[in-house]
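Structure below is data.csv: CSV, N, CA and C atoms.
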chain,number,residue,atom,x,y,z
A,15,MET,N,121.0,121.4,190.1
A,15,MET,CA,120.9,121.2,188.7
A,15,MET,C,122.2,121.7,188.0
A,16,GLN,N,122.8,120.9,187.2
A,16,GLN,CA,124.0,121.3,186.5
A,16,GLN,C,123.7,121.9,185.2
A,17,LEU,N,124.5,122.9,184.9
A,17,LEU,CA,124.4,123.6,183.6
A,17,LEU,C,125.0,122.8,182.5
A,18,LEU,N,124.2,122.5,181.4
A,18,LEU,CA,124.7,121.7,180.3
A,18,LEU,C,125.5,122.6,179.3
A,19,SER,N,125.4,123.9,179.5
A,19,SER,CA,126.1,124.8,178.6
A,19,SER,C,127.7,124.7,178.7
A,20,ASN,N,128.1,124.1,179.8
A,20,ASN,CA,129.6,123.9,180.0
A,20,ASN,C,130.1,122.7,179.3
A,21,LEU,N,129.2,121.9,178.7
A,21,LEU,CA,129.6,120.7,178.0
A,21,LEU,C,129.8,120.9,176.6
A,22,LEU,N,130.9,120.4,176.0
A,22,LEU,CA,131.1,120.6,174.6
A,22,LEU,C,130.9,119.2,174.0
A,23,ILE,N,129.9,119.0,173.2
A,23,ILE,CA,129.7,117.7,172.6
A,23,ILE,C,129.8,117.8,171.1
A,24,LYS,N,130.7,117.1,170.5
A,24,LYS,CA,130.9,117.1,169.1
A,24,LYS,C,130.2,115.9,168.5
A,25,ILE,N,129.3,116.2,167.6
A,25,ILE,CA,128.6,115.1,166.9
A,25,ILE,C,129.2,115.1,165.5
A,26,ASP,N,129.9,114.0,165.2
A,26,ASP,CA,130.6,113.8,163.9
A,26,ASP,C,129.5,113.5,162.8
A,27,MET,N,129.8,114.0,161.6
A,27,MET,CA,128.9,113.7,160.5
A,27,MET,C,129.3,112.3,160.0
A,28,LYS,N,128.3,111.6,159.5
A,28,LYS,CA,128.5,110.3,158.9
A,28,LYS,C,128.3,110.6,157.4
A,29,LEU,N,129.4,110.4,156.6
A,29,LEU,CA,129.3,110.8,155.2
A,29,LEU,C,129.4,109.5,154.4
A,30,GLY,N,128.5,109.3,153.5
A,30,GLY,CA,128.5,108.2,152.5
A,30,GLY,C,128.9,108.7,151.1
A,31,ILE,N,129.9,108.1,150.5
A,31,ILE,CA,130.3,108.5,149.2
A,31,ILE,C,130.1,107.2,148.3
A,32,ILE,N,129.4,107.5,147.2
A,32,ILE,CA,129.2,106.4,146.2
A,32,ILE,C,129.9,106.8,144.9
A,33,ILE,N,130.8,105.9,144.5
A,33,ILE,CA,131.6,106.1,143.3
A,33,ILE,C,131.2,105.1,142.3
A,34,SER,N,130.7,105.6,141.1
A,34,SER,CA,130.2,104.7,140.1
A,34,SER,C,130.9,104.9,138.7
A,35,GLN,N,132.1,105.5,138.8
A,35,GLN,CA,132.8,105.8,137.5
A,35,GLN,C,134.3,105.6,137.7
A,36,THR,N,135.0,105.7,136.6
A,36,THR,CA,136.5,105.6,136.7
A,36,THR,C,137.2,106.8,136.2
A,37,ASN,N,136.6,107.9,136.0
A,37,ASN,CA,137.3,109.1,135.6
A,37,ASN,C,138.3,109.5,136.7
A,38,SER,N,139.6,109.5,136.3
A,38,SER,CA,140.7,109.6,137.3
A,38,SER,C,140.6,110.8,138.2
A,39,GLU,N,140.3,112.0,137.6
A,39,GLU,CA,140.3,113.2,138.3
A,39,GLU,C,139.1,113.2,139.3
A,40,THR,N,137.9,112.7,138.9
A,40,THR,CA,136.7,112.7,139.7
A,40,THR,C,136.9,111.7,140.9
A,41,VAL,N,137.5,110.6,140.6
A,41,VAL,CA,137.7,109.6,141.7
A,41,VAL,C,138.8,110.2,142.7
A,42,TRP,N,139.8,110.8,142.2
A,42,TRP,CA,140.8,111.4,143.0
A,42,TRP,C,140.2,112.5,143.9
A,43,ASN,N,139.4,113.3,143.4
A,43,ASN,CA,138.7,114.3,144.2
A,43,ASN,C,137.8,113.8,145.2
A,44,ALA,N,137.1,112.7,144.9
A,44,ALA,CA,136.2,112.0,145.8
A,44,ALA,C,137.0,111.6,147.0
A,45,PHE,N,138.2,111.0,146.8
A,45,PHE,CA,139.0,110.5,147.9
A,45,PHE,C,139.7,111.7,148.6
A,46,ARG,N,140.0,112.7,147.9
A,46,ARG,CA,140.5,113.9,148.6
A,46,ARG,C,139.5,114.5,149.6
A,47,LEU,N,138.2,114.6,149.2
A,47,LEU,CA,137.2,115.0,150.0
A,47,LEU,C,137.0,114.0,151.2
A,48,ALA,N,137.0,112.8,151.0
A,48,ALA,CA,136.9,111.8,152.0
A,48,ALA,C,138.0,112.0,153.1
A,49,ASN,N,139.2,112.2,152.6
A,49,ASN,CA,140.4,112.4,153.5
A,49,ASN,C,140.2,113.7,154.3
A,50,PHE,N,139.7,114.7,153.7
A,50,PHE,CA,139.5,116.0,154.4
A,50,PHE,C,138.4,115.8,155.5
A,51,SER,N,137.4,115.1,155.1
A,51,SER,CA,136.3,114.8,156.1
A,51,SER,C,136.8,114.0,157.3
A,52,ILE,N,137.6,113.0,157.0
A,52,ILE,CA,138.2,112.2,158.1
A,52,ILE,C,138.9,113.2,159.1
A,53,LYS,N,139.7,114.1,158.5
A,53,LYS,CA,140.5,115.0,159.3
A,53,LYS,C,139.6,115.9,160.1
A,54,GLN,N,138.4,116.1,159.7
A,54,GLN,CA,137.4,117.0,160.4
A,54,GLN,C,136.7,116.2,161.6
A,55,GLY,N,137.0,114.9,161.6
A,55,GLY,CA,136.4,114.0,162.7
A,55,GLY,C,135.2,113.3,162.2
A,56,ASP,N,135.0,113.3,160.9
A,56,ASP,CA,133.8,112.6,160.4
A,56,ASP,C,134.1,111.1,160.2
A,57,GLU,N,133.0,110.3,160.1
A,57,GLU,CA,133.1,108.9,159.7
A,57,GLU,C,132.7,108.9,158.2
A,58,VAL,N,133.5,108.2,157.4
A,58,VAL,CA,133.3,108.2,155.9
A,58,VAL,C,133.3,106.8,155.4
A,59,LYS,N,132.3,106.4,154.7
A,59,LYS,CA,132.2,105.1,154.0
A,59,LYS,C,132.0,105.3,152.6
A,60,ILE,N,132.9,104.6,151.8
A,60,ILE,CA,132.8,104.7,150.3
A,60,ILE,C,132.3,103.4,149.8
A,61,PHE,N,131.3,103.5,148.9
A,61,PHE,CA,130.8,102.3,148.2
A,61,PHE,C,131.1,102.4,146.7
A,62,LEU,N,131.7,101.4,146.2
A,62,LEU,CA,132.1,101.3,144.8
A,62,LEU,C,131.0,100.5,144.1
A,63,VAL,N,130.5,101.0,143.0
A,63,VAL,CA,129.4,100.3,142.3
A,63,VAL,C,129.7,100.5,140.8
A,64,GLY,N,129.2,99.5,140.0
A,64,GLY,CA,129.4,99.6,138.5
A,64,GLY,C,130.9,99.8,138.2
A,65,GLU,N,131.2,100.7,137.3
A,65,GLU,CA,132.6,100.9,136.8
A,65,GLU,C,133.4,101.3,138.0
A,66,GLY,N,132.8,101.8,139.1
A,66,GLY,CA,133.6,102.3,140.2
A,66,GLY,C,134.5,101.3,140.9
A,67,VAL,N,134.1,100.0,140.7
A,67,VAL,CA,135.0,98.9,141.3
A,67,VAL,C,136.4,98.9,140.6
A,68,GLU,N,136.5,99.5,139.4
A,68,GLU,CA,137.8,99.6,138.7
A,68,GLU,C,138.5,100.8,138.9
A,69,TYR,N,138.2,101.6,140.0
A,69,TYR,CA,138.8,102.9,140.3
A,69,TYR,C,140.3,102.9,140.3
A,70,GLU,N,140.9,101.9,140.8
A,70,GLU,CA,142.4,101.9,141.0
A,70,GLU,C,143.1,102.0,139.7
A,71,ALA,N,142.6,101.5,138.7
A,71,ALA,CA,143.2,101.5,137.4
A,71,ALA,C,143.5,102.9,136.9
A,72,GLY,N,142.8,103.9,137.3
A,72,GLY,CA,142.9,105.2,136.9
A,72,GLY,C,144.0,106.0,137.6
A,73,SER,N,144.7,105.4,138.6
A,73,SER,CA,145.7,106.1,139.3
A,73,SER,C,146.8,106.5,138.4
A,74,SER,N,147.3,107.7,138.6
A,74,SER,CA,148.5,108.2,137.8
A,74,SER,C,149.3,109.1,138.6
A,75,GLU,N,150.4,109.6,138.1
A,75,GLU,CA,151.2,110.6,138.8
A,75,GLU,C,150.4,111.9,139.1
A,76,LYS,N,149.6,112.3,138.1
A,76,LYS,CA,148.9,113.5,138.2
A,76,LYS,C,147.7,113.4,139.2
A,77,PHE,N,147.0,112.2,139.1
A,77,PHE,CA,145.8,111.9,139.9
A,77,PHE,C,146.1,110.6,140.7
A,78,ASN,N,146.9,110.8,141.8
A,78,ASN,CA,147.4,109.6,142.5
A,78,ASN,C,146.3,109.1,143.4
A,79,ILE,N,145.4,108.3,142.9
A,79,ILE,CA,144.3,107.7,143.6
A,79,ILE,C,144.9,106.7,144.7
A,80,ARG,N,145.9,105.9,144.3
A,80,ARG,CA,146.4,105.0,145.3
A,80,ARG,C,146.9,105.7,146.6
A,81,GLU,N,147.6,106.8,146.4
A,81,GLU,CA,148.1,107.5,147.5
A,81,GLU,C,146.9,108.0,148.4
A,82,GLN,N,145.9,108.5,147.8
A,82,GLN,CA,144.7,109.0,148.5
A,82,GLN,C,144.0,107.8,149.2
A,83,THR,N,143.9,106.7,148.6
A,83,THR,CA,143.3,105.5,149.1
A,83,THR,C,144.1,105.0,150.4
A,84,THR,N,145.4,105.0,150.2
A,84,THR,CA,146.3,104.5,151.3
A,84,THR,C,146.1,105.4,152.5
A,85,GLU,N,146.0,106.7,152.3
A,85,GLU,CA,145.8,107.7,153.4
A,85,GLU,C,144.5,107.5,154.0
A,86,PHE,N,143.4,107.3,153.2
A,86,PHE,CA,142.1,107.1,153.7
A,86,PHE,C,142.0,105.9,154.6
A,87,LEU,N,142.6,104.8,154.2
A,87,LEU,CA,142.4,103.6,155.0
A,87,LEU,C,143.3,103.5,156.3
A,88,LYS,N,144.1,104.6,156.5
A,88,LYS,CA,144.8,104.7,157.8
A,88,LYS,C,143.9,105.0,158.9
A,89,SER,N,142.7,105.5,158.7
A,89,SER,CA,141.8,105.9,159.7
A,89,SER,C,140.8,104.8,160.1
A,90,ASP,N,140.5,104.8,161.4
A,90,ASP,CA,139.5,103.9,161.9
A,90,ASP,C,138.1,104.3,161.5
A,91,ASN,N,138.0,105.6,161.1
A,91,ASN,CA,136.7,106.1,160.7
A,91,ASN,C,136.4,106.0,159.2
A,92,ALA,N,137.2,105.2,158.5
A,92,ALA,CA,137.1,105.1,157.1
A,92,ALA,C,136.9,103.6,156.7
A,93,LYS,N,136.0,103.5,155.7
A,93,LYS,CA,135.7,102.2,155.2
A,93,LYS,C,135.4,102.2,153.7
A,94,ILE,N,135.9,101.2,152.9
A,94,ILE,CA,135.6,101.1,151.5
A,94,ILE,C,134.9,99.8,151.4
A,95,LEU,N,133.8,99.8,150.6
A,95,LEU,CA,133.0,98.6,150.3
A,95,LEU,C,132.8,98.6,148.7
A,96,ALA,N,132.7,97.4,148.2
A,96,ALA,CA,132.5,97.3,146.7
A,96,ALA,C,131.4,96.3,146.4
A,97,CYS,N,130.6,96.6,145.4
A,97,CYS,CA,129.5,95.8,145.0
A,97,CYS,C,130.1,94.4,144.5
A,98,GLY,N,129.7,93.4,145.2
A,98,GLY,CA,130.2,92.0,144.8
A,98,GLY,C,129.7,91.6,143.4
A,99,THR,N,128.5,91.9,143.0
A,99,THR,CA,128.0,91.5,141.7
A,99,THR,C,128.8,92.3,140.6
A,100,CYS,N,129.2,93.5,140.9
A,100,CYS,CA,130.0,94.3,139.9
A,100,CYS,C,131.4,93.8,139.8
A,101,LEU,N,132.0,93.4,140.9
A,101,LEU,CA,133.3,92.7,140.9
A,101,LEU,C,133.2,91.4,140.1
A,102,LYS,N,132.3,90.6,140.4
A,102,LYS,CA,132.1,89.3,139.7
A,102,LYS,C,131.9,89.5,138.2
A,103,SER,N,131.1,90.4,137.8
A,103,SER,CA,130.8,90.6,136.4
A,103,SER,C,132.0,91.0,135.6
A,104,ARG,N,133.0,91.5,136.3
A,104,ARG,CA,134.3,91.9,135.7
A,104,ARG,C,135.4,90.9,135.9
A,105,ASN,N,135.0,89.8,136.5
A,105,ASN,CA,136.0,88.8,136.8
A,105,ASN,C,137.2,89.4,137.7
A,106,GLN,N,136.8,90.2,138.6
A,106,GLN,CA,137.7,91.0,139.4
A,106,GLN,C,137.7,90.4,140.8
A,107,GLU,N,138.8,90.2,141.4
A,107,GLU,CA,138.9,89.7,142.8
A,107,GLU,C,138.8,90.8,143.8
A,108,GLU,N,138.3,90.6,145.0
A,108,GLU,CA,138.3,91.6,146.0
A,108,GLU,C,139.7,91.8,146.5
A,109,THR,N,140.0,93.0,147.0
A,109,THR,CA,141.3,93.4,147.6
A,109,THR,C,141.0,94.2,148.9
A,110,ASN,N,142.0,94.5,149.6
A,110,ASN,CA,141.7,95.4,150.8
A,110,ASN,C,141.3,96.8,150.4
A,111,THR,N,141.6,97.2,149.2
A,111,THR,CA,141.1,98.5,148.8
A,111,THR,C,139.9,98.4,147.9
A,112,CYS,N,139.4,97.2,147.7
A,112,CYS,CA,138.2,97.0,147.0
A,112,CYS,C,137.5,95.7,147.5
A,113,PRO,N,137.1,95.8,148.8
A,113,PRO,CA,136.5,94.5,149.4
A,113,PRO,C,135.1,94.3,148.9
A,114,MET,N,134.7,93.0,148.7
A,114,MET,CA,133.4,92.6,148.2
A,114,MET,C,132.4,92.8,149.3
A,115,SER,N,131.2,93.4,148.9
A,115,SER,CA,130.1,93.5,149.8
A,115,SER,C,128.8,93.4,149.0
A,116,SER,N,127.7,94.0,149.5
A,116,SER,CA,126.5,93.7,148.8
A,116,SER,C,125.6,95.0,148.8
A,117,MET,N,124.4,94.8,148.1
A,117,MET,CA,123.5,95.9,148.1
A,117,MET,C,122.9,96.2,149.5
A,118,LYS,N,122.9,95.2,150.4
A,118,LYS,CA,122.5,95.4,151.7
A,118,LYS,C,123.5,96.4,152.4
A,119,ASP,N,124.8,96.3,152.1
A,119,ASP,CA,125.7,97.3,152.7
A,119,ASP,C,125.5,98.7,152.1
A,120,LEU,N,125.2,98.8,150.9
A,120,LEU,CA,124.9,100.1,150.3
A,120,LEU,C,123.7,100.7,150.9
A,121,TYR,N,122.7,99.9,151.1
A,121,TYR,CA,121.5,100.3,151.8
A,121,TYR,C,121.8,100.9,153.2
A,122,GLU,N,122.6,100.1,153.9
A,122,GLU,CA,123.0,100.6,155.3
A,122,GLU,C,123.7,101.9,155.2
A,123,ILE,N,124.6,102.1,154.3
A,123,ILE,CA,125.3,103.4,154.2
A,123,ILE,C,124.3,104.5,153.9
A,124,VAL,N,123.4,104.3,153.0
A,124,VAL,CA,122.4,105.3,152.6
A,124,VAL,C,121.5,105.6,153.8
A,125,ASN,N,121.1,104.5,154.5
A,125,ASN,CA,120.2,104.6,155.6
A,125,ASN,C,120.8,105.3,156.8
A,126,LYS,N,122.0,105.1,157.1
A,126,LYS,CA,122.7,105.6,158.4
A,126,LYS,C,123.5,106.8,158.2
A,127,SER,N,123.8,107.2,157.0
A,127,SER,CA,124.6,108.4,156.7
A,127,SER,C,123.8,109.7,156.9
A,128,ASP,N,124.5,110.8,157.3
A,128,ASP,CA,123.8,112.1,157.4
A,128,ASP,C,123.8,112.7,156.0
A,129,LYS,N,124.8,112.4,155.2
A,129,LYS,CA,124.8,113.0,153.8
A,129,LYS,C,125.4,111.9,152.9
A,130,ILE,N,124.9,111.9,151.7
A,130,ILE,CA,125.3,111.0,150.6
A,130,ILE,C,125.8,111.8,149.4
A,131,LEU,N,127.0,111.5,148.9
A,131,LEU,CA,127.5,112.2,147.7
A,131,LEU,C,127.7,111.1,146.7
A,132,THR,N,127.4,111.4,145.5
A,132,THR,CA,127.7,110.4,144.4
A,132,THR,C,128.7,111.0,143.4
A,133,PHE,N,129.6,110.2,142.9
A,133,PHE,CA,130.6,110.6,142.0
A,133,PHE,C,130.6,109.6,140.8
Now that the file is in, can you turn its structure into structure tokens?
Amino acid sequence: MQLLSNLLIKIDMKLGIIISQTNSETVWNAFRLANFSIKQGDEVKIFLVGEGVEYEAGSSEKFNIREQTTEFLKSDNAKILACGTCLKSRNQEETNTCPMSSMKDLYEIVNKSDKILTF
């Protein structure tokens, strides 16, 4: 019989972040947390809903959301999804930093994540 105490198994957290606003500092901090979590070995999915689909417009020198987003998307454990209905209601096209998805995708994030944070 082998002792299992010699095995080190790391179970990564699956973190879901829901952003539903455009406050620059809040969105910037949400992405900072997402980037920190990625560096800890976690999987992070961000879902943009409502005003949140307009998050990039709030980027500034002080709260550089674009820089945080670029860093976030470098990881294979990072994903951004955006409410398609919310994008359409704003006549906004999807982009690689704001890709169109659905409520089904939001449900999957909520269902499969170990923790959900809303901003």
Radius query 8 Å about (135.6, 94.2, 145.6), atoms used: only N, CA and C atoms, as a compact mmCIF listing (two decimals) with N, CA and C atoms, in the coordinates of the input:
# COMPACT_ATOMS: atom_id res chain seq x y z
N LEU A 62 131.70 101.40 146.20
CA LEU A 62 132.10 101.30 144.80
C LEU A 62 131.00 100.50 144.10
N VAL A 67 134.10 100.00 140.70
CA VAL A 67 135.00 98.90 141.30
C VAL A 67 136.40 98.90 140.60
N LEU A 95 133.80 99.80 150.60
CA LEU A 95 133.00 98.60 150.30
C LEU A 95 132.80 98.60 148.70
N ALA A 96 132.70 97.40 148.20
CA ALA A 96 132.50 97.30 146.70
C ALA A 96 131.40 96.30 146.40
N CYS A 97 130.60 96.60 145.40
CA CYS A 97 129.50 95.80 145.00
C CYS A 97 130.10 94.40 144.50
N GLY A 98 129.70 93.40 145.20
CA GLY A 98 130.20 92.00 144.80
C GLY A 98 129.70 91.60 143.40
N THR A 99 128.50 91.90 143.00
CA THR A 99 128.00 91.50 141.70
C THR A 99 128.80 92.30 140.60
N CYS A 100 129.20 93.50 140.90
CA CYS A 100 130.00 94.30 139.90
C CYS A 100 131.40 93.80 139.80
N LEU A 101 132.00 93.40 140.90
CA LEU A 101 133.30 92.70 140.90
C LEU A 101 133.20 91.40 140.10
N LYS A 102 132.30 90.60 140.40
CA LYS A 102 132.10 89.30 139.70
C LYS A 102 131.90 89.50 138.20
N GLN A 106 136.80 90.20 138.60
CA GLN A 106 137.70 91.00 139.40
C GLN A 106 137.70 90.40 140.80
N GLU A 107 138.80 90.20 141.40
CA GLU A 107 138.90 89.70 142.80
C GLU A 107 138.80 90.80 143.80
N GLU A 108 138.30 90.60 145.00
CA GLU A 108 138.30 91.60 146.00
C GLU A 108 139.70 91.80 146.50
N THR A 109 140.00 93.00 147.00
CA THR A 109 141.30 93.40 147.60
C THR A 109 141.00 94.20 148.90
N ASN A 110 142.00 94.50 149.60
CA ASN A 110 141.70 95.40 150.80
C ASN A 110 141.30 96.80 150.40
N THR A 111 141.60 97.20 149.20
CA THR A 111 141.10 98.50 148.80
C THR A 111 139.90 98.40 147.90
N CYS A 112 139.40 97.20 147.70
CA CYS A 112 138.20 97.00 147.00
C CYS A 112 137.50 95.70 147.50
N PRO A 113 137.10 95.80 148.80
CA PRO A 113 136.50 94.50 149.40
C PRO A 113 135.10 94.30 148.90
N MET A 114 134.70 93.00 148.70
CA MET A 114 133.40 92.60 148.20
C MET A 114 132.40 92.80 149.30
N SER A 115 131.20 93.40 148.90
CA SER A 115 130.10 93.50 149.80
C SER A 115 128.80 93.40 149.00
Subject >> Nearest candidate to Ser74 of chain A (options A:Ser38, A:Asn49, A:Ser89, A:Thr132; using only N, CA and C atoms) >> reply: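 Using only N, CA and C atoms, the shortest distance to Ser74 of chain A belongs to A:Ser38.
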**OP:** Mind giving me the straight-line distance from atom N of Lys28 of chain A to atom N of Glu57 of chain A in Å, one decimal?
**Re:**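 Calculated distance between atom N of Lys28 of chain A and atom N of Glu57 of chain A is 4.9 Å.
Going from atom N of Arg104 of chain A to atom C of Asp90 of chain A covers 28.7 Å.
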Original post:
Looking at A:Ile52, A:Val63, A:Ile130, A:Ala71, which one is nearest to Ala92 of chain A, with distances taken over all atoms listed in the file?
Top reply: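 Between A:Ile52, A:Val63, A:Ile130, A:Ala71, the residue approaching Ala92 of chain A most closely is A:Ile52.
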**OP:** Could you pull out the residues in chain A that DSSP calls helix (DSSP H, G or I) from the backbone, as a VMD selection string?
**Re:** chain A and resid 18 to 20 38 to 53 64 to 72 79 to 87 98 to 103 117 to 126
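Separating atom CA of Ser103 of chain A from atom CA of Leu87 of chain A is a distance of 25.5 Å.
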